[in-house]
$ cat data15.pdb   # PDB, C-alpha atoms, pLDDT in the B column
ATOM      1  CA  MET A1325       0.000   0.000   0.000  1.00 49.00           C
ATOM      2  CA  GLU A1326       1.187   3.507  -0.915  1.00 61.00           C
ATOM      3  CA  THR A1327      -0.524   5.241   2.020  1.00 69.00           C
ATOM      4  CA  THR A1328       1.916   3.923   4.648  1.00 82.00           C
ATOM      5  CA  PRO A1329       4.658   6.539   3.973  1.00 85.00           C
ATOM      6  CA  LEU A1330       2.023   9.295   3.991  1.00 86.00           C
ATOM      7  CA  VAL A1331       0.583   8.097   7.328  1.00 87.00           C
ATOM      8  CA  THR A1332       4.089   7.863   8.799  1.00 89.00           C
ATOM      9  CA  LEU A1333       4.914  11.362   7.591  1.00 88.00           C
ATOM     10  CA  LEU A1334       1.697  12.768   9.096  1.00 89.00           C
ATOM     11  CA  ALA A1335       2.361  10.988  12.404  1.00 89.00           C
ATOM     12  CA  ILE A1336       5.893  12.410  12.608  1.00 92.00           C
ATOM     13  CA  GLY A1337       4.590  15.881  11.707  1.00 90.00           C
ATOM     14  CA  SER A1338       1.947  15.641  14.436  1.00 92.00           C
ATOM     15  CA  ILE A1339       4.557  14.661  17.023  1.00 93.00           C
ATOM     16  CA  VAL A1340       6.823  17.570  16.020  1.00 91.00           C
ATOM     17  CA  LEU A1341       3.924  20.049  16.265  1.00 91.00           C
ATOM     18  CA  ALA A1342       2.863  18.638  19.648  1.00 91.00           C
ATOM     19  CA  LEU A1343       6.404  18.970  21.031  1.00 91.00           C
ATOM     20  CA  THR A1344       6.641  22.535  19.719  1.00 91.00           C
ATOM     21  CA  ALA A1345       3.313  23.415  21.348  1.00 90.00           C
ATOM     22  CA  LEU A1346       4.456  21.845  24.633  1.00 89.00           C
ATOM     23  CA  ALA A1347       7.738  23.777  24.593  1.00 87.00           C
ATOM     24  CA  LEU A1348       5.872  27.029  23.909  1.00 86.00           C
ATOM     25  CA  PHE A1349       3.412  26.313  26.730  1.00 85.00           C
ATOM     26  CA  ILE A1350       6.247  25.652  29.217  1.00 85.00           C
ATOM     27  CA  TYR A1351       8.034  28.845  28.141  1.00 82.00           C
ATOM     28  CA  VAL A1352       4.893  30.980  28.636  1.00 80.00           C
ATOM     29  CA  MET A1353       4.167  29.446  32.051  1.00 79.00           C
ATOM     30  CA  ARG A1354       7.732  30.120  33.242  1.00 76.00           C
ATOM     31  CA  GLN A1355       7.495  33.739  32.095  1.00 72.00           C
ATOM     32  CA  ARG A1356       4.278  34.203  34.084  1.00 69.00           C
ATOM     33  CA  ARG A1357       5.746  32.745  37.270  1.00 65.00           C
ATOM     34  CA  GLN A1358       8.877  34.900  37.247  1.00 56.00           C
ATOM     35  CA  PRO A1359       8.511  38.016  39.397  1.00 51.00           C
ATOM     36  CA  PRO A1360       8.624  41.258  37.420  1.00 49.00           C
ATOM     37  CA  MET A1361      11.968  43.019  37.181  1.00 46.00           C
ATOM     38  CA  ASP A1362      10.641  45.864  39.305  1.00 47.00           C
ATOM     39  CA  THR A1363      10.050  43.562  42.277  1.00 44.00           C
ATOM     40  CA  ALA A1364      13.719  42.571  42.219  1.00 45.00           C
ATOM     41  CA  THR A1365      14.670  46.234  41.992  1.00 44.00           C
ATOM     42  CA  MET A1366      12.391  46.951  44.966  1.00 44.00           C
ATOM     43  CA  GLU A1367      14.042  44.152  46.979  1.00 46.00           C
ATOM     44  CA  ARG A1368      17.514  45.535  46.283  1.00 43.00           C
ATOM     45  CA  ALA A1369      16.363  49.014  47.296  1.00 42.00           C
ATOM     46  CA  THR A1370      14.923  47.680  50.562  1.00 42.00           C
ATOM     47  CA  HIS A1371      18.105  45.863  51.548  1.00 43.00           C
ATOM     48  CA  ALA A1372      20.486  48.598  50.386  1.00 41.00           C
ATOM     49  CA  PRO A1373      21.649  50.979  53.134  1.00 38.00           C
ATOM     50  CA  SER A1374      20.229  54.439  52.465  1.00 38.00           C
ATOM     51  CA  SER A1375      23.181  56.355  53.907  1.00 38.00           C
ATOM     52  CA  SER A1376      25.884  54.619  51.837  1.00 36.00           C
ATOM     53  CA  THR A1377      25.829  57.200  49.027  1.00 36.00           C
ATOM     54  CA  PRO A1378      27.504  60.513  49.827  1.00 35.00           C
ATOM     55  CA  PRO A1379      25.189  63.552  49.426  1.00 35.00           C
ATOM     56  CA  GLU A1380      27.237  64.897  46.492  1.00 37.00           C
ATOM     57  CA  GLU A1381      26.854  61.674  44.512  1.00 36.00           C
ATOM     58  CA  ALA A1382      23.193  61.330  45.383  1.00 36.00           C
ATOM     59  CA  SER A1383      22.364  64.822  44.123  1.00 36.00           C
ATOM     60  CA  SER A1384      24.350  64.379  40.898  1.00 36.00           C
ATOM     61  CA  SER A1385      22.819  60.997  40.077  1.00 37.00           C
ATOM     62  CA  ALA A1386      19.200  61.976  40.835  1.00 39.00           C
ATOM     63  CA  PRO A1387      18.607  64.019  37.639  1.00 38.00           C
ATOM     64  CA  ALA A1388      19.998  61.184  35.534  1.00 37.00           C
ATOM     65  CA  LYS A1389      17.488  58.763  37.063  1.00 41.00           C
ATOM     66  CA  GLN A1390      14.583  61.166  36.554  1.00 42.00           C
ATOM     67  CA  SER A1391      15.343  61.819  32.891  1.00 40.00           C
ATOM     68  CA  GLY A1392      15.117  58.127  31.871  1.00 51.00           C
ATOM     69  CA  LYS A1393      11.927  56.170  31.295  1.00 63.00           C
ATOM     70  CA  VAL A1394      10.524  54.751  34.529  1.00 65.00           C
ATOM     71  CA  ALA A1395       9.438  51.113  34.330  1.00 76.00           C
ATOM     72  CA  GLN A1396       7.309  51.425  37.464  1.00 79.00           C
ATOM     73  CA  HIS A1397       6.563  54.172  39.958  1.00 85.00           C
ATOM     74  CA  SER A1398       6.999  53.179  43.582  1.00 86.00           C
ATOM     75  CA  LEU A1399       6.178  54.980  46.798  1.00 88.00           C
ATOM     76  CA  PHE A1400       6.602  53.584  50.303  1.00 88.00           C
ATOM     77  CA  VAL A1401       4.547  54.428  53.389  1.00 87.00           C
ATOM     78  CA  ILE A1402       6.403  53.463  56.563  1.00 87.00           C
ATOM     79  CA  PHE A1403       4.021  53.251  59.522  1.00 84.00           C
ATOM     80  CA  SER A1404       4.938  55.201  62.665  1.00 82.00           C
ATOM     81  CA  HIS A1405       3.506  52.661  65.123  1.00 82.00           C
ATOM     82  CA  PRO A1406       2.755  49.328  63.415  1.00 83.00           C
ATOM     83  CA  ASP A1407       0.388  47.146  65.420  1.00 84.00           C
ATOM     84  CA  GLU A1408      -2.873  45.194  65.072  1.00 86.00           C
ATOM     85  CA  ASN A1409      -4.843  48.440  65.068  1.00 87.00           C
ATOM     86  CA  THR A1410      -2.843  49.695  62.087  1.00 86.00           C
ATOM     87  CA  ASP A1411      -3.455  46.406  60.264  1.00 86.00           C
ATOM     88  CA  GLN A1412      -7.192  46.708  60.907  1.00 88.00           C
ATOM     89  CA  ARG A1413      -7.251  50.290  59.567  1.00 88.00           C
ATOM     90  CA  LEU A1414      -5.323  49.111  56.499  1.00 89.00           C
ATOM     91  CA  ALA A1415      -7.813  46.264  55.946  1.00 88.00           C
ATOM     92  CA  ASP A1416     -10.727  48.722  56.244  1.00 90.00           C
ATOM     93  CA  TRP A1417      -9.010  51.103  53.818  1.00 89.00           C
ATOM     94  CA  LEU A1418      -8.469  48.282  51.302  1.00 89.00           C
ATOM     95  CA  ARG A1419     -12.139  47.261  51.572  1.00 90.00           C
ATOM     96  CA  ASP A1420     -13.186  50.876  51.052  1.00 91.00           C
ATOM     97  CA  LYS A1421     -11.099  51.029  47.854  1.00 89.00           C
ATOM     98  CA  ASP A1422     -12.523  47.710  46.556  1.00 90.00           C
ATOM     99  CA  ALA A1423      -9.054  46.171  46.568  1.00 90.00           C
ATOM    100  CA  THR A1424      -8.674  42.584  45.417  1.00 90.00           C
ATOM    101  CA  PHE A1425      -6.120  40.136  46.786  1.00 90.00           C
ATOM    102  CA  ASP A1426      -3.886  38.189  44.392  1.00 89.00           C
ATOM    103  CA  PRO A1427      -3.113  34.909  46.238  1.00 87.00           C
ATOM    104  CA  ILE A1428      -0.307  33.984  43.830  1.00 88.00           C
ATOM    105  CA  LYS A1429       1.685  37.214  44.074  1.00 88.00           C
ATOM    106  CA  LYS A1430       0.380  37.979  47.593  1.00 88.00           C
ATOM    107  CA  VAL A1431      -0.409  41.620  46.838  1.00 89.00           C
ATOM    108  CA  PHE A1432      -3.533  43.761  46.592  1.00 90.00           C
ATOM    109  CA  HIS A1433      -4.715  45.510  43.433  1.00 90.00           C
ATOM    110  CA  ILE A1434      -6.835  48.642  43.194  1.00 90.00           C
ATOM    111  CA  ALA A1435      -8.440  49.137  39.778  1.00 87.00           C
ATOM    112  CA  GLY A1436      -8.570  52.948  39.873  1.00 82.00           C
ATOM    113  CA  GLU A1437      -9.362  54.608  36.531  1.00 83.00           C
ATOM    114  CA  GLN A1438      -7.642  51.959  34.385  1.00 83.00           C
ATOM    115  CA  PRO A1439      -8.310  48.384  35.546  1.00 81.00           C
ATOM    116  CA  SER A1440      -5.888  47.081  32.905  1.00 83.00           C
ATOM    117  CA  ASN A1441      -3.080  48.877  34.794  1.00 84.00           C
ATOM    118  CA  PRO A1442      -4.024  48.460  38.474  1.00 89.00           C
ATOM    119  CA  ILE A1443      -2.265  50.065  41.414  1.00 89.00           C
ATOM    120  CA  THR A1444      -0.479  47.387  43.426  1.00 90.00           C
ATOM    121  CA  ILE A1445      -0.269  47.455  47.221  1.00 90.00           C
ATOM    122  CA  ALA A1446       2.560  45.266  48.526  1.00 89.00           C
ATOM    123  CA  ASN A1447       4.315  44.748  51.835  1.00 88.00           C
ATOM    124  CA  ALA A1448       7.486  46.831  52.199  1.00 84.00           C
ATOM    125  CA  PHE A1449       9.056  44.563  54.881  1.00 79.00           C
ATOM    126  CA  PRO A1450       9.873  41.968  53.556  1.00 72.00           C
ATOM    127  CA  PRO A1451       9.286  43.313  50.063  1.00 71.00           C
ATOM    128  CA  GLY A1452       6.355  42.008  48.120  1.00 72.00           C
ATOM    129  CA  GLU A1453       4.314  39.530  50.137  1.00 82.00           C
ATOM    130  CA  MET A1454       1.186  40.716  51.941  1.00 83.00           C
ATOM    131  CA  PRO A1455      -1.112  38.648  54.140  1.00 83.00           C
ATOM    132  CA  ASP A1456      -4.737  38.529  53.036  1.00 85.00           C
ATOM    133  CA  LEU A1457      -6.022  41.209  55.408  1.00 84.00           C
ATOM    134  CA  LEU A1458      -9.551  40.928  54.025  1.00 83.00           C
ATOM    135  CA  ARG A1459      -9.766  37.365  55.362  1.00 85.00           C
ATOM    136  CA  ASN A1460      -8.018  38.083  58.688  1.00 79.00           C
ATOM    137  CA  GLU A1461      -4.946  35.997  57.845  1.00 75.00           C
ATOM    138  CA  THR A1462      -2.603  35.842  60.862  1.00 70.00           C
ATOM    139  CA  HIS A1463       0.729  37.619  60.503  1.00 76.00           C
ATOM    140  CA  GLU A1464       3.232  39.955  62.104  1.00 81.00           C
ATOM    141  CA  PRO A1465       2.116  43.594  62.166  1.00 83.00           C
ATOM    142  CA  ILE A1466       2.767  45.254  58.815  1.00 86.00           C
ATOM    143  CA  LYS A1467       5.481  47.896  59.165  1.00 87.00           C
ATOM    144  CA  GLY A1468       4.916  49.609  55.849  1.00 86.00           C
ATOM    145  CA  ILE A1469       3.517  49.218  52.372  1.00 88.00           C
ATOM    146  CA  SER A1470       4.642  49.849  48.821  1.00 87.00           C
ATOM    147  CA  LEU A1471       2.389  51.488  46.252  1.00 88.00           C
ATOM    148  CA  LEU A1472       3.368  50.450  42.720  1.00 88.00           C
ATOM    149  CA  VAL A1473       2.031  51.396  39.293  1.00 88.00           C
ATOM    150  CA  LYS A1474       3.323  51.345  35.741  1.00 87.00           C
ATOM    151  CA  PRO A1475       3.364  54.725  33.991  1.00 81.00           C
ATOM    152  CA  PRO A1476       1.107  55.172  30.946  1.00 78.00           C
ATOM    153  CA  LEU A1477       2.574  54.818  27.471  1.00 75.00           C
ATOM    154  CA  ARG A1478       1.031  58.156  26.500  1.00 71.00           C
ATOM    155  CA  LYS A1479       0.930  61.219  28.748  1.00 68.00           C
ATOM    156  CA  ARG A1480      -2.692  61.982  27.894  1.00 66.00           C
ATOM    157  CA  ARG A1481      -3.689  58.686  29.542  1.00 68.00           C
ATOM    158  CA  ASN A1482      -2.319  59.542  32.980  1.00 74.00           C
ATOM    159  CA  GLN A1483      -5.630  59.454  34.900  1.00 84.00           C
ATOM    160  CA  GLN A1484      -4.296  56.458  36.819  1.00 85.00           C
ATOM    161  CA  MET A1485      -1.294  58.530  37.967  1.00 86.00           C
ATOM    162  CA  HIS A1486      -3.679  61.070  39.537  1.00 87.00           C
ATOM    163  CA  VAL A1487      -5.461  58.217  41.371  1.00 88.00           C
ATOM    164  CA  TYR A1488      -2.085  56.789  42.428  1.00 87.00           C
ATOM    165  CA  VAL A1489      -0.880  60.082  43.908  1.00 88.00           C
ATOM    166  CA  ALA A1490      -4.237  60.671  45.642  1.00 88.00           C
ATOM    167  CA  LEU A1491      -4.092  57.192  47.222  1.00 88.00           C
ATOM    168  CA  ALA A1492      -0.511  57.754  48.381  1.00 86.00           C
ATOM    169  CA  LYS A1493      -1.363  61.105  49.996  1.00 85.00           C
ATOM    170  CA  GLU A1494      -4.445  59.576  51.629  1.00 86.00           C
ATOM    171  CA  MET A1495      -2.372  56.733  53.087  1.00 84.00           C
ATOM    172  CA  GLN A1496       0.265  59.132  54.388  1.00 80.00           C
ATOM    173  CA  THR A1497      -2.421  61.126  56.192  1.00 81.00           C
ATOM    174  CA  LEU A1498      -4.342  58.082  57.453  1.00 83.00           C
ATOM    175  CA  PHE A1499      -1.323  56.251  58.859  1.00 79.00           C
ATOM    176  CA  THR A1500       0.796  59.262  59.898  1.00 76.00           C
ATOM    177  CA  GLY A1501       3.893  57.612  58.497  1.00 77.00           C
ATOM    178  CA  ASP A1502       6.870  58.561  56.403  1.00 83.00           C
ATOM    179  CA  MET A1503       6.344  58.667  52.639  1.00 84.00           C
ATOM    180  CA  LEU A1504       9.423  57.682  50.630  1.00 85.00           C
ATOM    181  CA  ASP A1505      10.021  57.605  46.882  1.00 84.00           C
ATOM    182  CA  GLY A1506      11.673  54.791  44.924  1.00 81.00           C
ATOM    183  CA  ASP A1507      15.130  56.054  45.945  1.00 81.00           C
ATOM    184  CA  ARG A1508      14.145  55.941  49.642  1.00 82.00           C
ATOM    185  CA  GLU A1509      14.126  59.739  49.841  1.00 84.00           C
ATOM    186  CA  PRO A1510      11.208  61.649  51.408  1.00 84.00           C
ATOM    187  CA  ALA A1511       8.452  62.128  48.826  1.00 84.00           C
ATOM    188  CA  THR A1512       7.636  65.784  48.130  1.00 81.00           C
ATOM    189  CA  ASP A1513       5.240  67.713  45.910  1.00 84.00           C
ATOM    190  CA  THR A1514       7.965  67.607  43.243  1.00 85.00           C
ATOM    191  CA  THR A1515       7.910  63.789  43.454  1.00 84.00           C
ATOM    192  CA  PHE A1516       4.148  63.752  42.916  1.00 85.00           C
ATOM    193  CA  GLU A1517       4.363  66.234  40.024  1.00 84.00           C
ATOM    194  CA  ARG A1518       6.993  64.068  38.338  1.00 85.00           C
ATOM    195  CA  ILE A1519       4.758  60.989  38.706  1.00 83.00           C
ATOM    196  CA  ILE A1520       1.727  62.765  37.267  1.00 82.00           C
ATOM    197  CA  GLY A1521       3.877  64.155  34.439  1.00 73.00           C
TER
END

$ encode --input "data15.pdb" --output "structure tokens"
Amino acid sequence: METTPLVTLLAIGSIVLALTALALFIYVMRQRRQPPMDTATMERATHAPSSSTPPEEASSSAPAKQSGKVAQHSLFVIFSHPDENTDQRLADWLRDKDATFDPIKKVFHIAGEQPSNPITIANAFPPGEMPDLLRNETHEPIKGISLLVKPPLRKRRNQQMHVYVALAKEMQTLFTGDMLDGDREPATDTTFERIIG
């Protein structure tokens, strides 16, 4: 029969396509599980001593950092007196903002004006992982939080940046803590203006 070579060829082709699809699936799944680059940057910033850079170098390197494209804006609110009461106020605040908990990344997301680019609320100590406060998960008192958001691709679509800055200012007032920028310097009105663009 002449159909045997054709059947064999189709079987081999099917196996090759199946292996290619499997390799592509594994690649995509690994990419999803890897933490974003900004989380690693945040971890390095948390563990780096803030007083190691002399003031002259810090002031000369700051404009260079500001002029480049920012992959992700980050602000940190360090609580003055972290305790169970602070955690309860944070849980109430998250409920009020309709925050959702991501059990895989262990962070909260607030949709804001652009749900496709949510504002992320993460634990600042240790960086990243938050307990599910909305379900009363037991944990050590949270000492501070990180507010993270990706900047818009176009400046005219910066409504989310306004929401982000408003949330940060609200948290600073509510928790009477220190507000720091991504370089661990006190956040000022200039910081907020730069974020809004």

$ residues_near_point --input "data15.pdb" --point "(-10.6, 49.2, 46.3)" --cutoff "10 Å" --atoms "only C-alpha atoms" --output "PyMOL selection string"
chain A and resi 1416-1424+1432-1436+1443

$ write_last_selection --input "data15.pdb" --atoms "C-alpha atoms" --output "tab-separated table (two decimals), keeping the file's coordinate frame"
chain	number	residue	atom	x	y	z
A	1416	ASP	CA	-10.73	48.72	56.24
A	1417	TRP	CA	-9.01	51.10	53.82
A	1418	LEU	CA	-8.47	48.28	51.30
A	1419	ARG	CA	-12.14	47.26	51.57
A	1420	ASP	CA	-13.19	50.88	51.05
A	1421	LYS	CA	-11.10	51.03	47.85
A	1422	ASP	CA	-12.52	47.71	46.56
A	1423	ALA	CA	-9.05	46.17	46.57
A	1424	THR	CA	-8.67	42.58	45.42
A	1432	PHE	CA	-3.53	43.76	46.59
A	1433	HIS	CA	-4.72	45.51	43.43
A	1434	ILE	CA	-6.84	48.64	43.19
A	1435	ALA	CA	-8.44	49.14	39.78
A	1436	GLY	CA	-8.57	52.95	39.87
A	1443	ILE	CA	-2.26	50.06	41.41

$ resolve_selection --input "data15.pdb" --expression "the PyMOL selection byres ((chain A and resi 1520) around 7)" --output "compact mmCIF listing (two decimals) with C-alpha atoms, in the coordinates of the input"
# COMPACT_ATOMS: atom_id res chain seq x y z
CA ASN A 1482 -2.32 59.54 32.98
CA MET A 1485 -1.29 58.53 37.97
CA HIS A 1486 -3.68 61.07 39.54
CA PHE A 1516 4.15 63.75 42.92
CA GLU A 1517 4.36 66.23 40.02
CA ARG A 1518 6.99 64.07 38.34
CA ILE A 1519 4.76 60.99 38.71
CA GLY A 1521 3.88 64.16 34.44

$ residues_near_point --input "data15.pdb" --point "(-3.2, 41.3, 52.9)" --cutoff "9 Å" --atoms "only C-alpha atoms" --output "list in words"
Asp1411, Leu1414, Ala1415, Leu1418, Phe1425, Lys1430, Val1431, Phe1432, Ile1445, Ala1446, Asn1447, Glu1453, Met1454, Pro1455, Asp1456, Leu1457, Leu1458, Arg1459, Asn1460 and Glu1461 of chain A

$ write_last_selection --input "data15.pdb" --atoms "C-alpha atoms" --output "CSV table (one decimal), in the frame of the given file"
chain,number,residue,atom,x,y,z
A,1411,ASP,CA,-3.5,46.4,60.3
A,1414,LEU,CA,-5.3,49.1,56.5
A,1415,ALA,CA,-7.8,46.3,55.9
A,1418,LEU,CA,-8.5,48.3,51.3
A,1425,PHE,CA,-6.1,40.1,46.8
A,1430,LYS,CA,0.4,38.0,47.6
A,1431,VAL,CA,-0.4,41.6,46.8
A,1432,PHE,CA,-3.5,43.8,46.6
A,1445,ILE,CA,-0.3,47.5,47.2
A,1446,ALA,CA,2.6,45.3,48.5
A,1447,ASN,CA,4.3,44.7,51.8
A,1453,GLU,CA,4.3,39.5,50.1
A,1454,MET,CA,1.2,40.7,51.9
A,1455,PRO,CA,-1.1,38.6,54.1
A,1456,ASP,CA,-4.7,38.5,53.0
A,1457,LEU,CA,-6.0,41.2,55.4
A,1458,LEU,CA,-9.6,40.9,54.0
A,1459,ARG,CA,-9.8,37.4,55.4
A,1460,ASN,CA,-8.0,38.1,58.7
A,1461,GLU,CA,-4.9,36.0,57.8

$ residues_around --input "data15.pdb" --residues "Leu1498 in chain A" --least-positions-apart "5" --cutoff "10 Å" --atoms "all atoms listed in the file" --output "PyMOL selection string"
chain A and resi 1403+1410+1413-1414+1417+1492-1493

$ closest_residue --input "data15.pdb" --among "A:Gln1483, A:Gln1438, A:Gln1412, A:Ser1398" --to "Gly1506 in chain A" --atoms "all atoms listed in the file"
A:Ser1398

$ closest_residue --input "data15.pdb" --among "A:Pro1451, A:Arg1508, A:Lys1467, A:Leu1399" --to "Ala1490 in chain A" --atoms "only C-alpha atoms"
A:Leu1399

$ closest_residue --input "data15.pdb" --among "A:Asn1441, A:Leu1334, A:Gln1355, A:Leu1472" --to "Val1489 in chain A" --atoms "all atoms listed in the file"
A:Leu1472

$ resolve_selection --input "data15.pdb" --expression "the PyMOL selection byres ((chain A and resi 1404-1406) around 9)" --output "NGL selection string"
:A and (1402-1403 or 1407-1411 or 1465-1468 or 1499-1502)

$ residues_around --input "data15.pdb" --residues "Gln1396 in chain A" --least-positions-apart "6" --cutoff "8 Å" --atoms "all atoms listed in the file" --output "NGL selection string"
:A and (1362 or 1472-1475)

$ build_atoms --input "data15.pdb" --residues "range 1421-1432 of chain A" --atoms "N, CA, C and O atoms" --output "short mmCIF file (atom, residue, chain, number, x, y, z; two decimals), in the coordinates of the input"
data_model
loop_
_atom_site.label_atom_id
_atom_site.label_comp_id
_atom_site.auth_asym_id
_atom_site.auth_seq_id
_atom_site.Cartn_x
_atom_site.Cartn_y
_atom_site.Cartn_z
N LYS A 1421 -11.60 50.78 49.21
CA LYS A 1421 -11.10 51.03 47.85
C LYS A 1421 -11.41 49.87 46.90
O LYS A 1421 -10.95 49.87 45.77
N ASP A 1422 -12.18 48.89 47.36
CA ASP A 1422 -12.52 47.71 46.56
C ASP A 1422 -11.28 46.99 46.06
O ASP A 1422 -11.20 46.55 44.90
N ALA A 1423 -10.29 46.86 46.93
CA ALA A 1423 -9.05 46.17 46.57
C ALA A 1423 -9.31 44.67 46.47
O ALA A 1423 -10.15 44.13 47.19
N THR A 1424 -8.59 44.04 45.57
CA THR A 1424 -8.67 42.58 45.42
C THR A 1424 -7.32 41.98 45.76
O THR A 1424 -6.28 42.57 45.45
N PHE A 1425 -7.35 40.80 46.38
CA PHE A 1425 -6.12 40.14 46.79
C PHE A 1425 -5.71 39.13 45.72
O PHE A 1425 -6.52 38.34 45.26
N ASP A 1426 -4.45 39.16 45.34
CA ASP A 1426 -3.89 38.19 44.39
C ASP A 1426 -3.15 37.13 45.22
O ASP A 1426 -2.07 37.40 45.74
N PRO A 1427 -3.74 35.92 45.37
CA PRO A 1427 -3.11 34.91 46.24
C PRO A 1427 -1.80 34.36 45.70
O PRO A 1427 -1.01 33.82 46.45
N ILE A 1428 -1.56 34.50 44.40
CA ILE A 1428 -0.31 33.98 43.83
C ILE A 1428 0.84 34.94 44.12
O ILE A 1428 1.88 34.55 44.63
N LYS A 1429 0.63 36.23 43.83
CA LYS A 1429 1.68 37.21 44.07
C LYS A 1429 1.66 37.76 45.49
O LYS A 1429 2.59 38.43 45.92
N LYS A 1430 0.56 37.51 46.21
CA LYS A 1430 0.38 37.98 47.59
C LYS A 1430 0.48 39.50 47.68
O LYS A 1430 1.23 40.04 48.50
N VAL A 1431 -0.31 40.16 46.84
CA VAL A 1431 -0.41 41.62 46.84
C VAL A 1431 -1.87 41.99 46.62
O VAL A 1431 -2.69 41.14 46.24
N PHE A 1432 -2.20 43.24 46.87
CA PHE A 1432 -3.53 43.76 46.59
C PHE A 1432 -3.48 44.62 45.34
O PHE A 1432 -2.46 45.26 45.07
#
